[in-house]
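upload.cif follows (mmCIF, C-alpha atoms and all ligand atoms):
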```
data_upload
loop_
_atom_site.group_PDB
_atom_site.id
_atom_site.type_symbol
_atom_site.label_atom_id
_atom_site.label_comp_id
_atom_site.auth_asym_id
_atom_site.auth_seq_id
_atom_site.Cartn_x
_atom_site.Cartn_y
_atom_site.Cartn_z
ATOM 1 C CA MET A 5 0.951 9.045 11.819
ATOM 2 C CA ALA A 6 1.457 5.281 12.057
ATOM 3 C CA ARG A 7 -1.699 4.457 10.136
ATOM 4 C CA SER A 8 -1.088 6.866 7.269
ATOM 5 C CA THR A 9 2.544 5.739 7.106
ATOM 6 C CA ALA A 10 1.561 2.155 6.474
ATOM 7 C CA SER A 11 -1.063 3.040 3.932
ATOM 8 C CA LEU A 12 1.088 5.455 1.925
ATOM 9 C CA ARG A 13 3.871 2.925 1.727
ATOM 10 C CA ASP A 14 1.408 0.363 0.534
ATOM 11 C CA ALA A 15 -0.479 2.670 -1.811
ATOM 12 C CA LEU A 16 2.578 4.073 -3.586
ATOM 13 C CA ARG A 17 4.732 0.963 -3.946
ATOM 14 C CA VAL A 18 5.019 -0.550 -7.425
ATOM 15 C CA ARG A 19 4.198 -4.238 -7.115
ATOM 16 C CA PRO A 20 6.885 -6.398 -8.741
ATOM 17 C CA GLY A 21 5.826 -7.531 -12.183
ATOM 18 C CA THR A 22 3.131 -4.895 -12.623
ATOM 19 C CA ARG A 23 3.153 -2.128 -15.189
ATOM 20 C CA VAL A 24 2.251 1.388 -14.033
ATOM 21 C CA LYS A 25 0.623 3.556 -16.653
ATOM 22 C CA LEU A 26 1.702 7.004 -15.513
ATOM 23 C CA ALA A 27 -1.185 8.638 -17.386
ATOM 24 C CA ASN A 28 -3.394 6.924 -14.805
ATOM 25 C CA VAL A 29 -1.446 8.286 -11.829
ATOM 26 C CA ASP A 30 -2.576 11.675 -10.513
ATOM 27 C CA PRO A 31 0.577 13.686 -9.720
ATOM 28 C CA SER A 32 -1.551 16.016 -7.560
ATOM 29 C CA ALA A 33 -2.949 13.174 -5.441
ATOM 30 C CA THR A 34 -2.803 13.613 -1.667
ATOM 31 C CA HIS A 35 -4.229 10.258 -0.511
ATOM 32 C CA GLY A 36 -6.538 11.776 2.051
ATOM 33 C CA HIS A 37 -3.943 14.138 3.532
ATOM 34 C CA THR A 38 -4.474 17.880 3.666
ATOM 35 C CA LYS A 39 -1.944 20.665 3.543
ATOM 36 C CA GLU A 40 -3.127 21.874 6.951
ATOM 37 C CA SER A 41 -2.609 18.564 8.737
ATOM 38 C CA ALA A 42 0.521 17.726 6.747
ATOM 39 C CA ALA A 43 2.678 20.356 8.447
ATOM 40 C CA ASP A 44 2.306 18.758 11.889
ATOM 41 C CA GLU A 45 2.557 15.266 10.419
ATOM 42 C CA LEU A 46 5.784 16.186 8.662
ATOM 43 C CA THR A 47 7.278 17.768 11.778
ATOM 44 C CA ALA A 48 6.541 14.586 13.723
ATOM 45 C CA GLY A 49 7.777 12.421 10.861
ATOM 46 C CA LEU A 50 11.069 14.291 10.582
ATOM 47 C CA ALA A 51 11.643 14.041 14.338
ATOM 48 C CA GLY A 52 11.090 10.297 13.989
ATOM 49 C CA LEU A 53 13.604 10.138 11.133
ATOM 50 C CA THR A 54 16.205 12.016 13.182
ATOM 51 C CA ASP A 55 15.802 9.530 16.013
ATOM 52 C CA LEU A 56 15.870 6.463 13.752
ATOM 53 C CA GLN A 57 19.003 7.624 11.938
ATOM 54 C CA ASP A 58 20.764 8.421 15.202
ATOM 55 C CA ARG A 59 20.205 4.829 16.309
ATOM 56 C CA LEU A 60 21.102 3.385 12.909
ATOM 57 C CA TRP A 61 24.361 5.344 12.848
ATOM 58 C CA ALA A 62 25.223 4.423 16.452
ATOM 59 C CA GLU A 63 24.529 0.752 15.821
ATOM 60 C CA GLY A 64 26.663 0.683 12.680
ATOM 61 C CA LYS A 65 24.972 -2.426 11.360
ATOM 62 C CA HIS A 66 22.504 -1.620 8.613
ATOM 63 C CA LYS A 67 23.173 -0.017 5.248
ATOM 64 C CA VAL A 68 20.365 1.911 3.589
ATOM 65 C CA LEU A 69 20.339 3.138 0.007
ATOM 66 C CA VAL A 70 17.816 5.767 -1.055
ATOM 67 C CA VAL A 71 17.482 6.472 -4.774
ATOM 68 C CA LEU A 72 15.879 9.732 -5.926
ATOM 69 C CA GLN A 73 14.812 9.978 -9.547
ATOM 70 C CA GLY A 74 12.503 12.314 -11.417
ATOM 71 C CA ILE A 75 12.191 14.442 -14.498
ATOM 72 C CA ASP A 76 13.848 17.900 -14.355
ATOM 73 C CA ALA A 77 12.232 20.110 -11.682
ATOM 74 C CA ALA A 78 10.422 17.153 -10.084
ATOM 75 C CA GLY A 79 11.854 18.113 -6.692
ATOM 76 C CA LYS A 80 14.894 15.924 -6.053
ATOM 77 C CA ASP A 81 16.877 18.771 -4.502
ATOM 78 C CA GLY A 82 13.906 19.940 -2.453
ATOM 79 C CA THR A 83 13.354 16.440 -1.083
ATOM 80 C CA LEU A 84 16.997 16.257 -0.075
ATOM 81 C CA ARG A 85 16.772 19.561 1.756
ATOM 82 C CA HIS A 86 13.411 19.093 3.420
ATOM 83 C CA VAL A 87 13.435 15.362 4.223
ATOM 84 C CA MET A 88 17.050 14.172 4.328
ATOM 85 C CA GLY A 89 17.745 17.417 6.211
ATOM 86 C CA ALA A 90 16.492 15.480 9.241
ATOM 87 C CA PHE A 91 19.581 13.276 9.140
ATOM 88 C CA ASN A 92 22.969 13.887 10.718
ATOM 89 C CA PRO A 93 25.102 14.583 7.601
ATOM 90 C CA GLN A 94 27.898 12.463 9.063
ATOM 91 C CA GLY A 95 25.900 9.305 8.477
ATOM 92 C CA CYS A 96 24.158 10.382 5.299
ATOM 93 C CA PRO A 97 26.464 10.605 2.285
ATOM 94 C CA VAL A 98 24.700 12.135 -0.720
ATOM 95 C CA THR A 99 25.951 11.419 -4.231
ATOM 96 C CA SER A 100 24.715 13.441 -7.204
ATOM 97 C CA PHE A 101 25.243 11.658 -10.492
ATOM 98 C CA LYS A 102 26.043 13.984 -13.384
ATOM 99 C CA VAL A 103 27.119 13.435 -16.989
ATOM 100 C CA PRO A 104 29.865 10.798 -16.586
ATOM 101 C CA SER A 105 33.467 11.997 -16.587
ATOM 102 C CA ALA A 106 36.072 10.596 -18.964
ATOM 103 C CA ASP A 107 37.348 8.368 -16.172
ATOM 104 C CA GLU A 108 33.842 7.111 -15.439
ATOM 105 C CA LEU A 109 33.166 6.492 -19.128
ATOM 106 C CA ALA A 110 36.339 4.431 -19.313
ATOM 107 C CA HIS A 111 34.633 1.907 -16.989
ATOM 108 C CA ASP A 112 31.333 0.040 -16.952
ATOM 109 C CA TYR A 113 28.324 2.184 -15.987
ATOM 110 C CA LEU A 114 27.956 0.633 -12.537
ATOM 111 C CA TRP A 115 31.558 1.345 -11.542
ATOM 112 C CA ARG A 116 30.947 4.862 -10.268
ATOM 113 C CA VAL A 117 27.732 3.740 -8.641
ATOM 114 C CA HIS A 118 29.156 0.791 -6.732
ATOM 115 C CA ARG A 119 31.875 2.989 -5.240
ATOM 116 C CA ALA A 120 29.205 5.281 -3.807
ATOM 117 C CA VAL A 121 26.957 2.726 -2.073
ATOM 118 C CA PRO A 122 26.481 3.166 1.691
ATOM 119 C CA GLY A 123 28.552 1.317 4.251
ATOM 120 C CA LYS A 124 27.410 0.030 7.649
ATOM 121 C CA GLY A 125 25.440 2.582 9.644
ATOM 122 C CA GLU A 126 25.019 4.878 6.663
ATOM 123 C CA ILE A 127 21.986 6.073 4.784
ATOM 124 C CA GLY A 128 23.373 6.762 1.318
ATOM 125 C CA VAL A 129 21.281 8.963 -0.925
ATOM 126 C CA PHE A 130 21.591 8.959 -4.708
ATOM 127 C CA ASN A 131 20.434 12.165 -6.392
ATOM 128 C CA ARG A 132 19.968 10.554 -9.805
ATOM 129 C CA SER A 133 21.580 7.155 -10.101
ATOM 130 C CA HIS A 134 22.408 4.169 -12.303
ATOM 131 C CA TYR A 135 18.867 4.551 -13.635
ATOM 132 C CA GLU A 136 20.105 7.451 -15.771
ATOM 133 C CA ASP A 137 21.784 4.717 -17.801
ATOM 134 C CA VAL A 138 18.360 3.486 -18.935
ATOM 135 C CA LEU A 139 16.733 6.948 -18.971
ATOM 136 C CA VAL A 140 18.753 9.814 -20.476
ATOM 137 C CA VAL A 141 21.021 7.285 -22.163
ATOM 138 C CA ARG A 142 18.061 5.551 -23.768
ATOM 139 C CA VAL A 143 16.176 8.709 -24.708
ATOM 140 C CA HIS A 144 19.286 10.179 -26.381
ATOM 141 C CA ASP A 145 20.562 6.955 -27.957
ATOM 142 C CA ILE A 146 23.888 7.440 -26.176
ATOM 143 C CA VAL A 147 24.424 3.701 -26.475
ATOM 144 C CA PRO A 148 22.599 1.308 -28.851
ATOM 145 C CA LYS A 149 19.381 -0.380 -27.755
ATOM 146 C CA THR A 150 21.160 -3.743 -27.715
ATOM 147 C CA VAL A 151 23.315 -2.318 -24.923
ATOM 148 C CA TRP A 152 20.787 -0.411 -22.769
ATOM 149 C CA SER A 153 18.090 -3.066 -23.049
ATOM 150 C CA ARG A 154 20.305 -5.520 -21.142
ATOM 151 C CA ARG A 155 20.773 -3.094 -18.295
ATOM 152 C CA TYR A 156 17.436 -3.706 -16.554
ATOM 153 C CA ASP A 157 18.487 -7.252 -15.678
ATOM 154 C CA GLN A 158 21.977 -6.047 -14.815
ATOM 155 C CA ILE A 159 20.565 -3.411 -12.490
ATOM 156 C CA ASN A 160 18.281 -5.946 -10.799
ATOM 157 C CA ALA A 161 21.246 -8.275 -10.289
ATOM 158 C CA PHE A 162 23.352 -5.412 -8.917
ATOM 159 C CA GLU A 163 20.638 -4.339 -6.489
ATOM 160 C CA GLN A 164 20.108 -7.955 -5.437
ATOM 161 C CA LEU A 165 23.830 -8.170 -4.682
ATOM 162 C CA LEU A 166 23.555 -5.095 -2.483
ATOM 163 C CA ALA A 167 20.475 -6.500 -0.753
ATOM 164 C CA ASP A 168 22.185 -9.859 -0.216
ATOM 165 C CA SER A 169 25.023 -7.913 1.380
ATOM 166 C CA GLY A 170 22.656 -6.371 3.913
ATOM 167 C CA THR A 171 21.583 -3.190 2.141
ATOM 168 C CA THR A 172 18.009 -1.981 2.404
ATOM 169 C CA ILE A 173 17.043 -0.209 -0.817
ATOM 170 C CA VAL A 174 14.236 2.327 -1.317
ATOM 171 C CA LYS A 175 13.678 4.028 -4.668
ATOM 172 C CA PHE A 176 11.528 7.117 -5.147
ATOM 173 C CA PHE A 177 10.255 8.325 -8.507
ATOM 174 C CA LEU A 178 9.067 11.902 -8.029
ATOM 175 C CA TYR A 179 6.256 12.298 -10.515
ATOM 176 C CA ILE A 180 5.097 15.705 -11.759
ATOM 177 C CA ASP A 181 3.177 16.471 -14.931
ATOM 178 C CA ARG A 182 4.173 18.606 -17.874
ATOM 179 C CA ASP A 183 2.164 21.648 -16.769
ATOM 180 C CA GLU A 184 3.786 21.586 -13.365
ATOM 181 C CA GLN A 185 7.218 21.427 -14.985
ATOM 182 C CA ARG A 186 6.360 24.470 -17.123
ATOM 183 C CA GLU A 187 5.390 26.434 -14.030
ATOM 184 C CA ARG A 188 8.509 25.402 -12.175
ATOM 185 C CA PHE A 189 10.807 26.226 -15.104
ATOM 186 C CA GLN A 190 9.115 29.618 -15.432
ATOM 187 C CA ALA A 191 9.544 30.214 -11.704
ATOM 188 C CA ARG A 192 13.227 29.336 -12.026
ATOM 189 C CA LEU A 193 13.611 31.852 -14.819
ATOM 190 C CA ASP A 194 11.762 34.566 -12.925
ATOM 191 C CA ASP A 195 13.518 34.121 -9.587
ATOM 192 C CA PRO A 196 17.150 35.290 -9.437
ATOM 193 C CA THR A 197 17.803 32.838 -6.603
ATOM 194 C CA LYS A 198 16.649 29.935 -8.768
ATOM 195 C CA ARG A 199 17.820 30.991 -12.209
ATOM 196 C CA TRP A 200 21.169 29.214 -11.831
ATOM 197 C CA LYS A 201 19.299 25.932 -11.930
ATOM 198 C CA PHE A 202 17.886 26.558 -15.387
ATOM 199 C CA ARG A 203 19.697 25.525 -18.555
ATOM 200 C CA LEU A 204 18.510 25.990 -22.115
ATOM 201 C CA GLY A 205 19.168 22.267 -22.512
ATOM 202 C CA ASP A 206 16.293 21.675 -20.067
ATOM 203 C CA LEU A 207 13.919 22.787 -22.846
ATOM 204 C CA GLU A 208 15.340 20.162 -25.191
ATOM 205 C CA GLU A 209 14.689 17.529 -22.548
ATOM 206 C CA ARG A 210 11.167 18.872 -22.063
ATOM 207 C CA LYS A 211 10.454 18.235 -25.740
ATOM 208 C CA ARG A 212 11.209 14.583 -25.097
ATOM 209 C CA TRP A 213 8.682 14.336 -22.276
ATOM 210 C CA ASP A 214 6.842 11.358 -23.762
ATOM 211 C CA ASP A 215 10.087 9.469 -24.343
ATOM 212 C CA TYR A 216 11.075 10.002 -20.722
ATOM 213 C CA ILE A 217 7.676 8.852 -19.487
ATOM 214 C CA ALA A 218 7.970 5.690 -21.604
ATOM 215 C CA ALA A 219 11.490 5.103 -20.280
ATOM 216 C CA TYR A 220 10.304 5.587 -16.673
ATOM 217 C CA GLU A 221 7.405 3.206 -17.220
ATOM 218 C CA ASP A 222 9.847 0.521 -18.313
ATOM 219 C CA VAL A 223 12.063 1.175 -15.280
ATOM 220 C CA LEU A 224 9.090 0.837 -12.936
ATOM 221 C CA ALA A 225 7.813 -2.282 -14.702
ATOM 222 C CA ARG A 226 11.152 -4.066 -14.836
ATOM 223 C CA CYS A 227 13.088 -2.900 -11.787
ATOM 224 C CA SER A 228 10.634 -2.789 -8.888
ATOM 225 C CA THR A 229 11.596 -5.904 -6.947
ATOM 226 C CA ALA A 230 10.983 -7.233 -3.454
ATOM 227 C CA ALA A 231 14.583 -6.369 -2.576
ATOM 228 C CA ALA A 232 14.501 -2.908 -4.136
ATOM 229 C CA PRO A 233 10.982 -1.517 -4.556
ATOM 230 C CA TRP A 234 10.080 1.612 -6.483
ATOM 231 C CA TYR A 235 7.618 4.103 -5.046
ATOM 232 C CA VAL A 236 5.812 6.530 -7.349
ATOM 233 C CA ILE A 237 5.439 9.768 -5.388
ATOM 234 C CA PRO A 238 2.806 12.225 -6.640
ATOM 235 C CA SER A 239 4.956 15.358 -6.546
ATOM 236 C CA ASN A 240 2.978 18.271 -7.957
ATOM 237 C CA ARG A 241 2.463 19.368 -4.353
ATOM 238 C CA ASN A 242 5.738 19.712 -2.493
ATOM 239 C CA TRP A 243 4.134 19.232 0.901
ATOM 240 C CA PHE A 244 2.676 15.864 -0.093
ATOM 241 C CA ARG A 245 5.917 14.766 -1.733
ATOM 242 C CA ASN A 246 7.851 15.532 1.457
ATOM 243 C CA LEU A 247 5.274 13.847 3.637
ATOM 244 C CA ALA A 248 5.136 10.708 1.506
ATOM 245 C CA VAL A 249 8.913 10.322 1.246
ATOM 246 C CA ALA A 250 9.339 10.957 4.975
ATOM 247 C CA ASN A 251 6.623 8.466 5.876
ATOM 248 C CA ILE A 252 7.941 5.718 3.644
ATOM 249 C CA LEU A 253 11.496 6.251 4.876
ATOM 250 C CA ALA A 254 10.381 6.212 8.507
ATOM 251 C CA ASP A 255 8.427 3.037 7.951
ATOM 252 C CA THR A 256 11.399 1.386 6.248
ATOM 253 C CA LEU A 257 13.900 2.404 8.936
ATOM 254 C CA ASP A 258 11.501 1.455 11.704
ATOM 255 C CA GLU A 259 11.380 -2.101 10.363
ATOM 256 C CA LEU A 260 15.150 -2.355 10.750
ATOM 257 C CA ASN A 261 14.597 -1.602 14.428
ATOM 258 C CA PRO A 262 18.016 0.011 14.935
ATOM 259 C CA ARG A 263 19.192 0.007 18.567
ATOM 260 C CA TYR A 264 21.864 1.883 20.446
ATOM 261 C CA PRO A 265 24.695 -0.590 21.032
ATOM 262 C CA GLU A 266 25.658 -1.862 24.451
ATOM 263 C CA PRO A 267 29.084 -0.673 25.614
ATOM 264 C CA THR A 268 31.825 -3.131 24.628
ATOM 265 C CA GLU A 269 33.582 -2.696 27.982
ATOM 266 C CA ASP A 270 32.226 -3.226 31.466
ATOM 267 C CA LEU A 271 31.260 0.264 32.627
ATOM 268 C CA THR A 272 29.569 -0.699 35.896
ATOM 269 C CA GLY A 273 30.702 1.500 38.730
ATOM 270 C CA VAL A 274 32.635 3.878 36.467
ATOM 271 C CA VAL A 275 32.340 7.389 37.911
ATOM 272 C CA ILE A 276 33.754 10.496 36.276
ATOM 273 C CA GLU A 277 35.818 12.406 38.898
HETATM 274 P P1 LIG B 301 21.339 17.964 -12.574
HETATM 275 O O1 LIG B 301 20.775 16.805 -11.823
HETATM 276 O O2 LIG B 301 20.338 19.009 -12.930
HETATM 277 O O3 LIG B 301 22.552 18.531 -11.913
HETATM 278 O O4 LIG B 301 21.838 17.425 -13.990
HETATM 279 C C1 LIG B 301 22.670 16.325 -14.128
HETATM 280 C C2 LIG B 301 22.633 15.903 -15.574
HETATM 281 O O5 LIG B 301 23.493 14.776 -15.737
HETATM 282 C C3 LIG B 301 21.259 15.505 -16.048
HETATM 283 O O6 LIG B 301 20.964 16.116 -17.255
HETATM 284 C C4 LIG B 301 21.392 13.993 -16.219
HETATM 285 O O7 LIG B 301 20.557 13.486 -17.225
HETATM 286 C C5 LIG B 301 22.853 13.854 -16.575
HETATM 287 N N1 LIG B 301 23.326 12.498 -16.329
HETATM 288 C C6 LIG B 301 23.349 11.831 -15.166
HETATM 289 N N2 LIG B 301 23.800 10.574 -15.334
HETATM 290 C C7 LIG B 301 24.057 10.434 -16.650
HETATM 291 C C8 LIG B 301 24.534 9.369 -17.454
HETATM 292 N N3 LIG B 301 24.835 8.161 -16.929
HETATM 293 N N4 LIG B 301 24.700 9.598 -18.768
HETATM 294 C C9 LIG B 301 24.399 10.799 -19.310
HETATM 295 N N5 LIG B 301 23.948 11.838 -18.619
HETATM 296 C C10 LIG B 301 23.768 11.674 -17.302
HETATM 297 MG MG MG B 302 19.014 20.222 -13.934
#
```

Structure re-expressed in structure tokens:
Amino acid sequence: MARSTASLRDALRVRPGTRVKLANVDPSATHGHTKESAADELTAGLAGLTDLQDRLWAEGKHKVLVVLQGIDAAGKDGTLRHVMGAFNPQGCPVTSFKVPSADELAHDYLWRVHRAVPGKGEIGVFNRSHYEDVLVVRVHDIVPKTVWSRRYDQINAFEQLLADSGTTIVKFFLYIDRDEQRERFQARLDDPTKRWKFRLGDLEERKRWDDYIAAYEDVLARCSTAAAPWYVIPSNRNWFRNLAVANILADTLDELNPRYPEPTEDLTGVVIE
């Protein structure tokens, strides 16, 4: 587990200042892992995450922000269920960013985001994030280019502020290809328990696949920093996606070395009658 953890984290991180060409990334890659061995690895990894978060929450010192991004049907919800499911919900606030409300639109785009960042002891998870403001907003010309093009630097400054304030940031881009999205959309349509997730508007977005890929490539090139790295997670195979996200999270939390706090009062000799 430890060896593969280190290598996945290293293999999937976007080096600051480099440009990832997504056409050269295999979304079905498994980096030497197999589905058979992954089940046990994931079980062990999730147990590790449960333990790490318990200590992090008890210590109440570190703040961790996890950003989940991906094209429709890339597996954001599945990752939340299968990986973040290892966490005690009390210390793991999840925020799903939707089309901004009137109140949110009356403020700057980071206003709703800043309010949702994790506090001490928390692992805050963003299901979509401020990156939508340089993704969907860019692809649909919701604001002019002169406005969105300044946001990459603004986002880096914002994330640096969070990091300077003691927040550890991990950003996952769940990468599937267009064929995989077709299969998943079709499965959503065919399965009554999944159909609620499908909107006709999803097909309009699908037509803009290349625009989204270009927008993601710019995000990865401009906003993967030492303080807030992006990881590109090959996500055609759910089991590998879960394993990779769990491993990278475990590695990141492990580095924080969270410890159960010492009692603040002297408890020597205290006996419960
Ligand atoms: P879902 O994640 O499927 O519930 O969908 C949420 C929708 O909200 C997606 O279509 C996002 O693109 C959209 N969305 C999220 N943030 C923004 C934003 N800042 N501006 C416009 N649309 C957004
Ligand atoms: Mg959707």

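Proximity to stretch 218-232 of chain A at 6 Å, evaluated using all atoms listed in the file and with sequence-adjacent residues fewer than 3 positions away removed, yields A:Pro20, A:Thr22, A:Arg23, A:Leu139, A:Ile173, A:Val174, A:Asp215.
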
For C-alpha atoms, I'd like the residues from the last selection saved as a PDB file, in the coordinates of the input.
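Once written, part.pdb looks like this:
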```
ATOM      1  CA  PRO A  20       6.885  -6.398  -8.741  1.00  0.00           C
ATOM      2  CA  THR A  22       3.131  -4.895 -12.623  1.00  0.00           C
ATOM      3  CA  ARG A  23       3.153  -2.128 -15.189  1.00  0.00           C
ATOM      4  CA  LEU A 139      16.733   6.948 -18.971  1.00  0.00           C
ATOM      5  CA  ILE A 173      17.043  -0.209  -0.817  1.00  0.00           C
ATOM      6  CA  VAL A 174      14.236   2.327  -1.317  1.00  0.00           C
ATOM      7  CA  ASP A 215      10.087   9.469 -24.343  1.00  0.00           C
TER       8      ASP A 215
END
```

Closest atom pairs, residues of stretch 221-255 of chain A within 7 Å of stretch 44-49 of chain A, all atoms listed in the file, as CSV:
```
residue,atom,partner,partner_atom,distance
A:Leu247,CA,A:Leu46,CA,5.6
A:Ala250,CA,A:Gly49,CA,6.3
A:Asn251,CA,A:Gly49,CA,6.5
```

Sorted by chain and rising residue number, which residues of stretch 169-245 of chain A lie within 9 Å of stretch 30-36 of chain A, and what are their closest atom pairs and distances in Å to one decimal, counting all atoms listed in the file, as CSV?
```
residue,atom,partner,partner_atom,distance
A:Leu178,CA,A:Pro31,CA,8.8
A:Tyr179,CA,A:Pro31,CA,5.9
A:Ile180,CA,A:Pro31,CA,5.4
A:Asp181,CA,A:Pro31,CA,6.5
A:Ile237,CA,A:Pro31,CA,7.6
A:Pro238,CA,A:Pro31,CA,4.1
A:Ser239,CA,A:Pro31,CA,5.7
A:Asn240,CA,A:Ser32,CA,5.1
A:Arg241,CA,A:Ser32,CA,6.1
A:Phe244,CA,A:Thr34,CA,6.1
A:Arg245,CA,A:Thr34,CA,8.8
```

Kindly work out which residues sit at most 10 Å from ligand LIG 301 (chain B), using only C-alpha atoms and all ligand atoms, and give the list as a PyMOL selection string. chain A and resi 73-77+80-81+100-105+108-109+113-114+116-117+131-144+146-147+201-203+205-206+209

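One finds atom CA of A:Leu253 at 25.8 Å from atom CA of A:Arg188.
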
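As for atom CA of A:Ile252 and atom CA of A:Ala15, they are spaced 10.5 Å apart.
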
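Residue nearest ligand MG 302 (chain B), chosen from A:Glu266, A:Asp258, A:Glu208, A:Asp14 and counting only C-alpha atoms and all ligand atoms: A:Glu208.
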
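Run against this file, the PyMOL selection byres (((chain A and resi 167) around 10) and not hetatm) gives back Lys67, Val68, Leu69, Ala161, Phe162, Glu163, Gln164, Leu165, Leu166, Asp168, Ser169, Gly170, Thr171, Thr172, Ile173, Ala230, Ala231 and Ala232 of chain A.
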
For ligand MG 302 (chain B), the closest of A:Gly79, A:Gly128, A:Gly52, A:Gly21 counting all atoms listed in the file is A:Gly79

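Using all atoms listed in the file, the nearest neighbour of A:Val71 within the list A:Val249, A:Gln57, A:Ile217, A:Ala43 is A:Val249.
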
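Of note, atom CA of A:Ala78 and atom CA of A:Glu126 are spaced 25.4 Å apart.
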
The residue from A:Arg199, A:Arg85, A:Arg212, A:Lys175 with the smallest atom-to-atom distance to ligand MG 302 (chain B), counting only C-alpha atoms and all ligand atoms, is A:Arg199

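Surrounding residues of (24.2, 2.1, 11.9) at most 10 Å away are Leu56, Gln57, Asp58, Arg59, Leu60, Trp61, Ala62, Glu63, Gly64, Lys65, His66, Lys67, Val68, Gly95, Gly123, Lys124, Gly125, Glu126, Ile127, Pro262, Arg263, Tyr264 and Pro265 of chain A (based on all atoms listed in the file).
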
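Counting all atoms listed in the file and comparing A:Ala248, A:Val98, A:Gly273, A:His86, the residue that lies closest to A:His37 is A:Ala248.
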
Report, as AutoDock Vina command-line options, the centre and edge lengths in Å (one decimal) of the axis-aligned box enclosing every listed atom of stretch 32-46 of chain A, padded by 3 Å on each side.
```
--center_x -0.4 --center_y 16.1 --center_z 2.2 --size_x 18.3 --size_y 17.6 --size_z 25.4
```

The residue from A:Ser153, A:Thr99, A:Gln190, A:Gln94 with the smallest atom-to-atom distance to A:Val121, counting only C-alpha atoms, is A:Thr99
